[in-house]
>>> print(open('final_12.cif').read())   # mmCIF, C-alpha atoms
data_final
#
loop_
_atom_site.label_atom_id
_atom_site.label_comp_id
_atom_site.auth_asym_id
_atom_site.auth_seq_id
_atom_site.Cartn_x
_atom_site.Cartn_y
_atom_site.Cartn_z
CA MET G 212 59.17 34.41 33.74
CA ALA G 213 56.03 34.34 31.64
CA SER G 214 57.64 32.80 28.57
CA SER G 215 59.17 29.88 30.50
CA ASN G 216 55.77 29.25 32.16
CA ILE G 217 54.12 29.09 28.77
CA SER G 218 56.56 26.60 27.28
CA SER G 219 56.53 24.28 30.30
CA ASP G 220 52.72 24.62 30.58
CA SER G 221 52.30 23.65 26.94
CA GLN G 222 54.52 20.61 27.37
CA THR G 223 52.76 19.39 30.50
CA GLY G 224 49.17 20.19 29.52
CA THR G 225 48.61 22.74 32.26
CA PHE G 226 47.62 26.37 32.60
CA THR G 227 48.92 28.87 35.16
CA ILE G 228 46.53 30.42 37.66
CA HIS G 229 47.44 33.42 39.83
CA TYR G 230 45.72 34.24 43.13
CA PHE G 231 45.65 37.64 44.82
CA ALA G 232 44.64 39.07 48.20
CA THR G 233 41.83 37.01 49.79
CA ALA G 234 42.14 34.34 47.09
CA SER G 235 45.86 33.81 47.82
CA GLN G 236 45.11 33.86 51.53
CA TYR G 237 42.48 31.12 51.12
CA THR G 238 44.56 28.90 48.84
CA THR G 239 47.84 29.79 50.66
CA LYS G 240 49.35 30.10 47.16
CA ASN G 241 50.29 32.94 44.84
CA THR G 242 50.24 30.75 41.78
CA GLU G 243 49.92 27.14 40.64
CA ARG G 244 49.37 25.01 37.56
CA LEU G 245 46.14 23.19 36.85
CA PRO G 246 45.30 20.62 34.15
CA ALA G 247 44.38 21.97 30.71
CA PRO G 248 42.28 22.11 28.67
CA LEU G 249 39.52 23.12 31.08
CA GLN G 250 36.08 24.48 30.24
CA LEU G 251 35.77 27.95 31.82
CA THR G 252 32.54 26.86 33.51
CA GLN G 253 34.49 24.10 35.27
CA LEU G 254 37.01 26.47 36.86
CA PHE G 255 35.05 27.35 40.02
CA PRO G 256 33.91 23.73 40.59
CA LEU G 257 37.55 22.60 40.28
CA LEU G 258 38.75 25.26 42.75
CA GLU G 259 35.92 24.37 45.15
CA GLU G 260 37.01 20.74 45.00
CA ARG G 261 40.62 21.69 45.80
CA TYR G 262 39.79 24.40 48.35
CA PRO G 263 36.45 23.55 49.98
CA GLY G 264 34.41 26.66 50.84
CA ILE G 265 36.35 29.00 48.53
CA ARG G 266 33.43 29.51 46.18
CA GLU G 267 31.09 31.03 48.73
CA LYS G 268 33.72 32.78 50.86
CA VAL G 269 35.96 34.22 48.11
CA LEU G 270 35.14 33.46 44.48
CA VAL G 271 31.58 34.81 44.58
CA SER G 272 32.99 38.36 44.68
CA CYS G 273 35.92 37.78 42.29
CA GLY G 274 36.47 38.45 38.60
CA ILE G 275 38.44 36.15 36.27
CA SER G 276 40.98 37.14 33.66
CA LEU G 277 42.20 34.88 30.87
CA GLU G 278 45.29 35.96 28.94
CA GLY G 279 44.97 39.51 30.29
CA GLU G 280 41.27 39.96 29.43
CA TYR G 281 38.28 39.69 31.74
CA VAL G 282 35.97 36.75 31.02
CA ASP G 283 32.46 36.11 32.29
CA ILE G 284 31.51 32.57 33.28
CA GLU G 285 27.99 32.96 31.89
CA GLU G 286 28.64 35.09 28.80
CA ASP G 287 31.80 33.17 27.87
CA ALA G 288 30.44 29.76 28.86
CA THR G 289 31.87 28.07 25.76
CA THR G 290 35.40 29.37 26.44
CA VAL G 291 38.05 26.71 27.06
CA ILE G 292 41.21 27.42 29.05
CA GLN G 293 44.06 26.01 26.95
CA ALA G 294 47.46 24.63 27.93
CA GLY G 295 49.89 27.51 28.42
CA ASN G 296 47.16 30.06 29.19
CA GLU G 297 47.43 32.47 32.11
CA VAL G 298 44.39 32.85 34.36
CA ALA G 299 44.05 35.23 37.32
CA ILE G 300 41.47 35.38 40.09
CA ILE G 301 40.71 39.06 40.75
CA PRO G 302 39.23 39.85 44.19
CA PRO G 303 37.69 43.28 44.96
CA VAL G 304 40.50 45.80 44.53
CA SER G 305 42.01 48.19 47.10
CA SER G 306 44.60 50.55 45.62
CA GLY G 307 45.46 54.00 46.93
CA MET B 167 65.48 28.71 48.63
CA THR B 168 66.21 28.29 44.95
CA THR B 169 62.92 26.46 44.42
CA GLU B 170 61.00 29.17 46.27
CA GLN B 171 62.59 31.91 44.23
CA SER B 172 61.93 30.22 40.93
CA SER B 173 58.29 29.62 41.90
CA LEU B 174 57.73 33.31 42.70
CA PRO B 175 55.65 34.65 39.82
CA ALA B 176 57.27 37.57 37.99
CA HIS B 177 54.56 40.01 39.04
CA LEU B 178 55.46 39.47 42.73
CA ASP B 179 59.21 39.79 42.15
CA PRO B 180 60.41 43.36 42.90
CA LYS B 181 63.31 42.80 40.50
CA THR B 182 60.83 42.92 37.59
CA TYR B 183 59.82 46.50 38.58
CA PRO B 184 59.34 49.35 37.92
CA ARG B 185 56.70 48.56 35.29
CA THR B 186 55.89 51.68 33.33
CA HIS B 187 53.77 52.90 30.46
CA HIS B 188 54.31 56.19 28.68
CA ASP B 189 52.13 57.62 25.93
CA PRO B 190 53.90 60.76 24.64
CA THR B 191 51.08 61.75 22.29
CA GLN B 192 48.64 62.22 25.21
CA ASN B 193 51.30 62.87 27.89
CA ILE B 194 50.32 59.86 30.00
CA HIS B 195 52.84 58.50 32.53
CA LEU B 196 52.07 55.32 34.51
CA LYS B 197 54.32 53.53 36.99
CA LEU B 198 54.12 50.54 39.32
CA THR B 199 57.20 50.49 41.55
CA TYR B 200 58.67 49.05 44.76
CA SER B 201 60.62 52.29 45.32
CA PRO B 202 59.43 55.42 47.18
CA LEU B 203 57.30 57.78 45.06
CA ASP B 204 58.58 61.23 44.16
CA ALA B 205 55.92 63.95 43.93
CA ASN B 206 58.19 66.30 41.98
CA THR B 207 58.66 63.70 39.28
CA SER B 208 54.86 63.37 38.92
CA LEU B 209 54.45 67.15 38.64
CA ALA B 210 57.33 67.48 36.18
CA GLN B 211 55.80 64.79 33.96
CA THR B 212 52.50 66.65 33.61
CA SER B 213 53.85 70.19 33.41
CA SER B 214 52.99 71.92 30.17
CA PRO B 215 53.16 75.46 28.79
CA GLU B 216 49.45 75.06 27.94
CA ALA B 217 48.53 74.28 31.56
CA GLY B 218 47.47 76.94 34.05
CA ALA B 219 46.47 74.44 36.75
CA ASN B 220 48.49 71.56 38.16
CA VAL B 221 46.95 69.28 40.80
CA LEU B 222 48.84 66.69 42.82
CA PHE B 223 47.30 64.02 45.08
CA LEU B 224 49.36 61.86 47.42
CA GLY B 225 47.73 58.98 49.26
CA THR B 226 49.80 58.19 52.36
CA THR B 227 49.77 55.40 54.92
CA ARG B 228 47.62 56.36 57.93
CA ASP B 229 48.55 54.97 61.36
CA THR B 230 45.09 53.70 62.34
CA PHE B 231 42.09 51.84 60.89
CA GLU B 232 38.94 52.33 62.99
CA GLY B 233 41.07 53.04 66.05
CA ARG B 234 43.24 49.95 65.54
CA ALA B 235 46.94 50.82 65.28
CA VAL B 236 48.37 50.05 61.83
CA SER B 237 52.07 49.18 61.62
CA GLN B 238 52.41 49.16 57.83
CA LEU B 239 50.62 48.58 54.55
CA SER B 240 51.67 46.18 51.85
CA TYR B 241 50.51 46.22 48.22
CA THR B 242 50.51 43.68 45.40
CA CYS B 243 49.26 44.05 41.85
CA TYR B 244 48.62 42.19 38.62
CA PRO B 245 50.47 44.39 36.11
CA PRO B 246 48.94 43.12 32.83
CA LEU B 247 45.50 44.24 33.98
CA ALA B 248 46.54 47.13 36.24
CA LEU B 249 48.46 48.99 33.51
CA LYS B 250 45.61 48.44 31.06
CA THR B 251 43.07 49.77 33.57
CA LEU B 252 45.22 52.81 34.49
CA THR B 253 45.68 53.59 30.79
CA ALA B 254 41.91 53.56 30.27
CA ILE B 255 41.38 55.81 33.32
CA ALA B 256 44.01 58.31 32.11
CA LYS B 257 42.61 58.41 28.57
CA GLU B 258 39.06 58.92 29.81
CA ALA B 259 40.15 61.81 32.07
CA ILE B 260 42.06 63.48 29.22
CA LYS B 261 39.03 63.22 26.95
CA THR B 262 36.54 64.44 29.56
CA HIS B 263 38.58 67.34 30.95
CA ASN B 264 40.89 68.23 28.06
CA LEU B 265 43.94 67.59 30.24
CA LYS B 266 47.50 68.44 29.23
CA GLY B 267 48.94 65.49 31.12
CA VAL B 268 48.20 62.66 33.57
CA SER B 269 50.67 60.84 35.81
CA ILE B 270 49.66 57.89 38.01
CA SER B 271 52.24 56.08 40.15
CA HIS B 272 51.55 53.33 42.67
CA ARG B 273 54.01 51.87 45.12
CA MET B 274 54.12 48.09 45.71
CA GLY B 275 55.37 46.08 48.66
CA ILE B 276 55.64 47.60 52.12
CA VAL B 277 54.73 51.28 52.48
CA PRO B 278 55.66 52.61 55.96
CA ILE B 279 53.43 55.04 57.89
CA GLY B 280 53.46 58.54 56.41
CA GLU B 281 54.88 57.49 53.03
CA ALA B 282 52.96 57.71 49.76
CA SER B 283 51.35 54.66 48.19
CA ILE B 284 49.80 56.56 45.27
CA ALA B 285 50.75 59.77 43.48
CA ILE B 286 48.46 61.36 40.89
CA ALA B 287 49.25 64.53 38.97
CA VAL B 288 47.04 66.16 36.36
CA SER B 289 47.37 69.40 34.44
CA ALA B 290 44.74 71.43 32.62
CA GLY B 291 44.21 74.89 31.18
CA HIS B 292 42.17 75.98 34.19
CA ARG B 293 41.73 74.93 37.82
CA GLY B 294 38.13 73.66 37.64
CA ALA B 295 38.98 70.88 35.21
CA ALA B 296 42.20 70.02 37.04
CA TRP B 297 40.51 69.69 40.46
CA ARG B 298 37.69 67.58 39.07
CA ALA B 299 40.01 65.37 37.01
CA GLY B 300 42.32 64.76 39.97
CA GLU B 301 39.45 63.49 42.08
CA GLU B 302 37.92 61.45 39.27
CA VAL B 303 41.20 59.75 38.42
CA LEU B 304 41.81 58.84 42.06
CA GLU B 305 38.28 57.47 42.58
CA ALA B 306 38.50 55.47 39.34
CA CYS B 307 41.87 54.00 40.41
CA LYS B 308 40.43 53.00 43.78
CA GLU B 309 37.42 51.41 42.12
CA LYS B 310 39.13 49.60 39.25
CA ALA B 311 42.93 49.24 39.34
CA GLU B 312 44.02 45.63 39.95
CA ILE B 313 46.03 46.46 43.07
CA TRP B 314 45.45 45.09 46.58
CA LYS B 315 46.22 46.52 50.00
CA ARG B 316 47.00 44.46 53.07
CA GLU B 317 46.87 46.24 56.41
CA GLU B 318 49.22 44.92 59.05
CA PHE B 319 48.30 45.88 62.60
CA VAL B 320 50.48 46.59 65.61
CA ASP B 321 48.57 43.82 67.45
CA GLY B 322 49.90 41.32 64.89
CA GLY B 323 46.76 40.82 62.75
CA MET B 324 46.51 41.51 59.04
CA GLU B 325 43.60 42.05 56.67
CA TRP B 326 43.11 42.48 52.93
CA ARG B 327 41.02 45.56 52.20
CA ALA B 328 38.33 46.13 49.56
CA ASN B 329 37.78 49.73 48.46
CA ALA B 330 34.15 48.98 47.57
CA ASP B 331 33.46 48.76 51.34
CA ARG B 332 34.27 52.45 52.01
CA ASP B 333 33.36 55.85 50.52
CA ALA B 334 35.69 58.86 50.00
CA GLU B 335 35.16 59.94 53.62
CA GLY B 336 36.21 56.52 54.92
CA LYS B 337 32.64 55.63 55.92
CA LEU B 338 31.34 52.07 55.63
CA ILE B 339 29.01 51.56 52.64
CA PRO B 340 26.03 49.30 53.49
CA GLU B 341 26.13 46.05 51.50
CA ASP B 342 22.63 46.49 50.05
CA SER B 343 23.29 50.03 48.69
#
>>> encode(input="final_12.cif", output="structure tokens")
Amino acid sequence: MASSNISSDSQTGTFTIHYFATASQYTTKNTERLPAPLQLTQLFPLLEERYPGIREKVLVSCGISLEGEYVDIEEDATTVIQAGNEVAIIPPVSSG
Amino acid sequence: MTTEQSSLPAHLDPKTYPRTHHDPTQNIHLKLTYSPLDANTSLAQTSSPEAGANVLFLGTTRDTFEGRAVSQLSYTCYPPLALKTLTAIAKEAIKTHNLKGVSISHRMGIVPIGEASIAIAVSAGHRGAAWRAGEEVLEACKEKAEIWKREEFVDGGMEWRANADRDAEGKLIPEDS
């Protein structure tokens, strides 16, 4: 669970990223580990490199959470994603 | 098989549910669950001797989307954010409408036709506040809660929905509005 992710992430220098809905459909993954540390501003370029076209087709309408809090790529430009962190890509929601 | 199971993140593993939050001081009850929802439980949670009005909303799986036959709906969520968002929605409604209780439950995984995916109960001193709060809580959940619906069609297709595309009457909202 979360705690085991954190310890293995810290050891391997990675962070965990979760994908939902259209983002998981595009990446064909629910979750994966990516190299840390990573500047927040480098997250979308990295995902675009791994999943060409994802930026325009999916990420443009998505939010990002880091450790359970929303972050903004422009306002939080100096933020660095650290080893062991949990990131989530949040597409437009559809409860109810 | 073992590898697949261990790589399934906890928030997608039904065994880690129900995930609940209960605030007894404000009578807030929140639940994310893979089990069927029970309307009586929602009503019982918000019942109060101070309440003269109790409103219940059940959102159920409809069998069509724009004339296309739907076989079932499936939901996923991100609990750390979803529970935080639902808590904020409940607190705001209590403050605005002086509610005596709020209960929000959302079902995850497959929800067959006719069964409830969301149950909302609110109680207030009088009916005006309860009606308004019930609608506001539902609309806020639809707008903000970190929960996603996938429609699976009888013809074999499937699509992830976005609530921002539709209004409360089910009508398409133009992109530039």
>>> residues_around(input="final_12.cif", residues="Ser306 of chain G", least_positions_apart="3", cutoff="10 Å", atoms="only C-alpha atoms", output="ChimeraX atom specification")
/B:225,241-243,272-274,283-284,304-305,307-316,327-329
>>> interface_residues(input="final_12.cif", of="chain G", to="chain B", cutoff="12 Å", atoms="all atoms listed in the file", output="CSV table (one decimal) with C-alpha atoms, keeping the file's coordinate frame")
chain,number,residue,atom,x,y,z
G,212,MET,CA,59.2,34.4,33.7
G,213,ALA,CA,56.0,34.3,31.6
G,214,SER,CA,57.6,32.8,28.6
G,215,SER,CA,59.2,29.9,30.5
G,216,ASN,CA,55.8,29.2,32.2
G,227,THR,CA,48.9,28.9,35.2
G,228,ILE,CA,46.5,30.4,37.7
G,229,HIS,CA,47.4,33.4,39.8
G,230,TYR,CA,45.7,34.2,43.1
G,231,PHE,CA,45.6,37.6,44.8
G,232,ALA,CA,44.6,39.1,48.2
G,233,THR,CA,41.8,37.0,49.8
G,234,ALA,CA,42.1,34.3,47.1
G,235,SER,CA,45.9,33.8,47.8
G,236,GLN,CA,45.1,33.9,51.5
G,237,TYR,CA,42.5,31.1,51.1
G,240,LYS,CA,49.4,30.1,47.2
G,241,ASN,CA,50.3,32.9,44.8
G,242,THR,CA,50.2,30.8,41.8
G,243,GLU,CA,49.9,27.1,40.6
G,244,ARG,CA,49.4,25.0,37.6
G,269,VAL,CA,36.0,34.2,48.1
G,272,SER,CA,33.0,38.4,44.7
G,273,CYS,CA,35.9,37.8,42.3
G,274,GLY,CA,36.5,38.4,38.6
G,275,ILE,CA,38.4,36.2,36.3
G,276,SER,CA,41.0,37.1,33.7
G,277,LEU,CA,42.2,34.9,30.9
G,278,GLU,CA,45.3,36.0,28.9
G,279,GLY,CA,45.0,39.5,30.3
G,280,GLU,CA,41.3,40.0,29.4
G,281,TYR,CA,38.3,39.7,31.7
G,297,GLU,CA,47.4,32.5,32.1
G,298,VAL,CA,44.4,32.8,34.4
G,299,ALA,CA,44.0,35.2,37.3
G,300,ILE,CA,41.5,35.4,40.1
G,301,ILE,CA,40.7,39.1,40.8
G,302,PRO,CA,39.2,39.8,44.2
G,303,PRO,CA,37.7,43.3,45.0
G,304,VAL,CA,40.5,45.8,44.5
G,305,SER,CA,42.0,48.2,47.1
G,306,SER,CA,44.6,50.6,45.6
G,307,GLY,CA,45.5,54.0,46.9
>>> residues_around(input="final_12.cif", residues="Gln192 of chain B", least_positions_apart="5", cutoff="12 Å", atoms="all atoms listed in the file", output="MDAnalysis selection string")
chainID B and resid 187 211:212 214 253 256:261 264:269 288:289
>>> write_last_selection(input="final_12.cif", atoms="C-alpha atoms", output="compact mmCIF listing (two decimals), in the frame of the given file")
# COMPACT_ATOMS: atom_id res chain seq x y z
CA HIS B 187 53.77 52.90 30.46
CA GLN B 211 55.80 64.79 33.96
CA THR B 212 52.50 66.65 33.61
CA SER B 214 52.99 71.92 30.17
CA THR B 253 45.68 53.59 30.79
CA ALA B 256 44.01 58.31 32.11
CA LYS B 257 42.61 58.41 28.57
CA GLU B 258 39.06 58.92 29.81
CA ALA B 259 40.15 61.81 32.07
CA ILE B 260 42.06 63.48 29.22
CA LYS B 261 39.03 63.22 26.95
CA ASN B 264 40.89 68.23 28.06
CA LEU B 265 43.94 67.59 30.24
CA LYS B 266 47.50 68.44 29.23
CA GLY B 267 48.94 65.49 31.12
CA VAL B 268 48.20 62.66 33.57
CA SER B 269 50.67 60.84 35.81
CA VAL B 288 47.04 66.16 36.36
CA SER B 289 47.37 69.40 34.44
>>> atom_distance(input="final_12.cif", atom1="atom CA of Gly336 of chain B", atom2="atom CA of Val320 of chain B")
20.4 Å
>>> atom_distance(input="final_12.cif", atom1="atom CA of Gly323 of chain B", atom2="atom CA of Arg234 of chain B")
10.2 Å
>>> atom_distance(input="final_12.cif", atom1="atom CA of Glu302 of chain B", atom2="atom CA of Ala334 of chain B")
11.3 Å
>>> resolve_selection(input="final_12.cif", expression="the PyMOL selection byres ((chain G and resi 251-261) around 7)", output="number ranges by chain")
G: 249-250, 262-266, 284, 288, 290-292
>>> decode(input="final_12.cif", residues="segment 229-271 of chain G", atoms="C-alpha atoms", output="PDB file, in the first residue's frame")
ATOM      1  CA  HIS G 229      -1.501   7.770 -10.640  1.00  0.00           C
ATOM      2  CA  TYR G 230      -3.619   8.129 -13.778  1.00  0.00           C
ATOM      3  CA  PHE G 231      -7.412   8.220 -13.903  1.00  0.00           C
ATOM      4  CA  ALA G 232     -10.137   8.053 -16.570  1.00  0.00           C
ATOM      5  CA  THR G 233      -8.903   9.481 -19.905  1.00  0.00           C
ATOM      6  CA  ALA G 234      -5.341   9.733 -18.575  1.00  0.00           C
ATOM      7  CA  SER G 235      -5.239   6.022 -17.664  1.00  0.00           C
ATOM      8  CA  GLN G 236      -6.860   5.198 -20.989  1.00  0.00           C
ATOM      9  CA  TYR G 237      -4.159   7.135 -22.878  1.00  0.00           C
ATOM     10  CA  THR G 238      -1.212   5.737 -20.913  1.00  0.00           C
ATOM     11  CA  THR G 239      -2.847   2.272 -20.562  1.00  0.00           C
ATOM     12  CA  LYS G 240      -1.667   2.411 -16.931  1.00  0.00           C
ATOM     13  CA  ASN G 241      -3.257   3.104 -13.571  1.00  0.00           C
ATOM     14  CA  THR G 242       0.034   3.930 -11.937  1.00  0.00           C
ATOM     15  CA  GLU G 243       3.786   3.920 -12.507  1.00  0.00           C
ATOM     16  CA  ARG G 244       7.036   5.213 -11.060  1.00  0.00           C
ATOM     17  CA  LEU G 245       9.044   7.996 -12.642  1.00  0.00           C
ATOM     18  CA  PRO G 246      12.539   9.295 -11.801  1.00  0.00           C
ATOM     19  CA  ALA G 247      12.806  11.790  -8.934  1.00  0.00           C
ATOM     20  CA  PRO G 248      13.590  14.522  -8.191  1.00  0.00           C
ATOM     21  CA  LEU G 249      11.691  16.215 -11.012  1.00  0.00           C
ATOM     22  CA  GLN G 250      10.881  19.896 -11.387  1.00  0.00           C
ATOM     23  CA  LEU G 251       7.071  20.259 -11.518  1.00  0.00           C
ATOM     24  CA  THR G 252       7.397  22.225 -14.760  1.00  0.00           C
ATOM     25  CA  GLN G 253       9.108  19.201 -16.325  1.00  0.00           C
ATOM     26  CA  LEU G 254       6.237  16.799 -15.579  1.00  0.00           C
ATOM     27  CA  PHE G 255       4.131  17.451 -18.695  1.00  0.00           C
ATOM     28  CA  PRO G 256       7.176  17.479 -21.033  1.00  0.00           C
ATOM     29  CA  LEU G 257       8.263  14.133 -19.537  1.00  0.00           C
ATOM     30  CA  LEU G 258       4.786  12.621 -19.999  1.00  0.00           C
ATOM     31  CA  GLU G 259       4.611  13.982 -23.560  1.00  0.00           C
ATOM     32  CA  GLU G 260       7.939  12.307 -24.301  1.00  0.00           C
ATOM     33  CA  ARG G 261       6.672   8.973 -22.948  1.00  0.00           C
ATOM     34  CA  TYR G 262       3.150   9.239 -24.375  1.00  0.00           C
ATOM     35  CA  PRO G 263       3.277  11.383 -27.527  1.00  0.00           C
ATOM     36  CA  GLY G 264       0.136  13.497 -27.995  1.00  0.00           C
ATOM     37  CA  ILE G 265      -1.025  13.189 -24.367  1.00  0.00           C
ATOM     38  CA  ARG G 266      -0.432  16.847 -23.606  1.00  0.00           C
ATOM     39  CA  GLU G 267      -2.858  18.216 -26.164  1.00  0.00           C
ATOM     40  CA  LYS G 268      -5.390  15.377 -26.034  1.00  0.00           C
ATOM     41  CA  VAL G 269      -5.560  14.797 -22.257  1.00  0.00           C
ATOM     42  CA  LEU G 270      -3.307  16.841 -19.973  1.00  0.00           C
ATOM     43  CA  VAL G 271      -4.505  20.251 -21.182  1.00  0.00           C
TER      44      VAL G 271
END
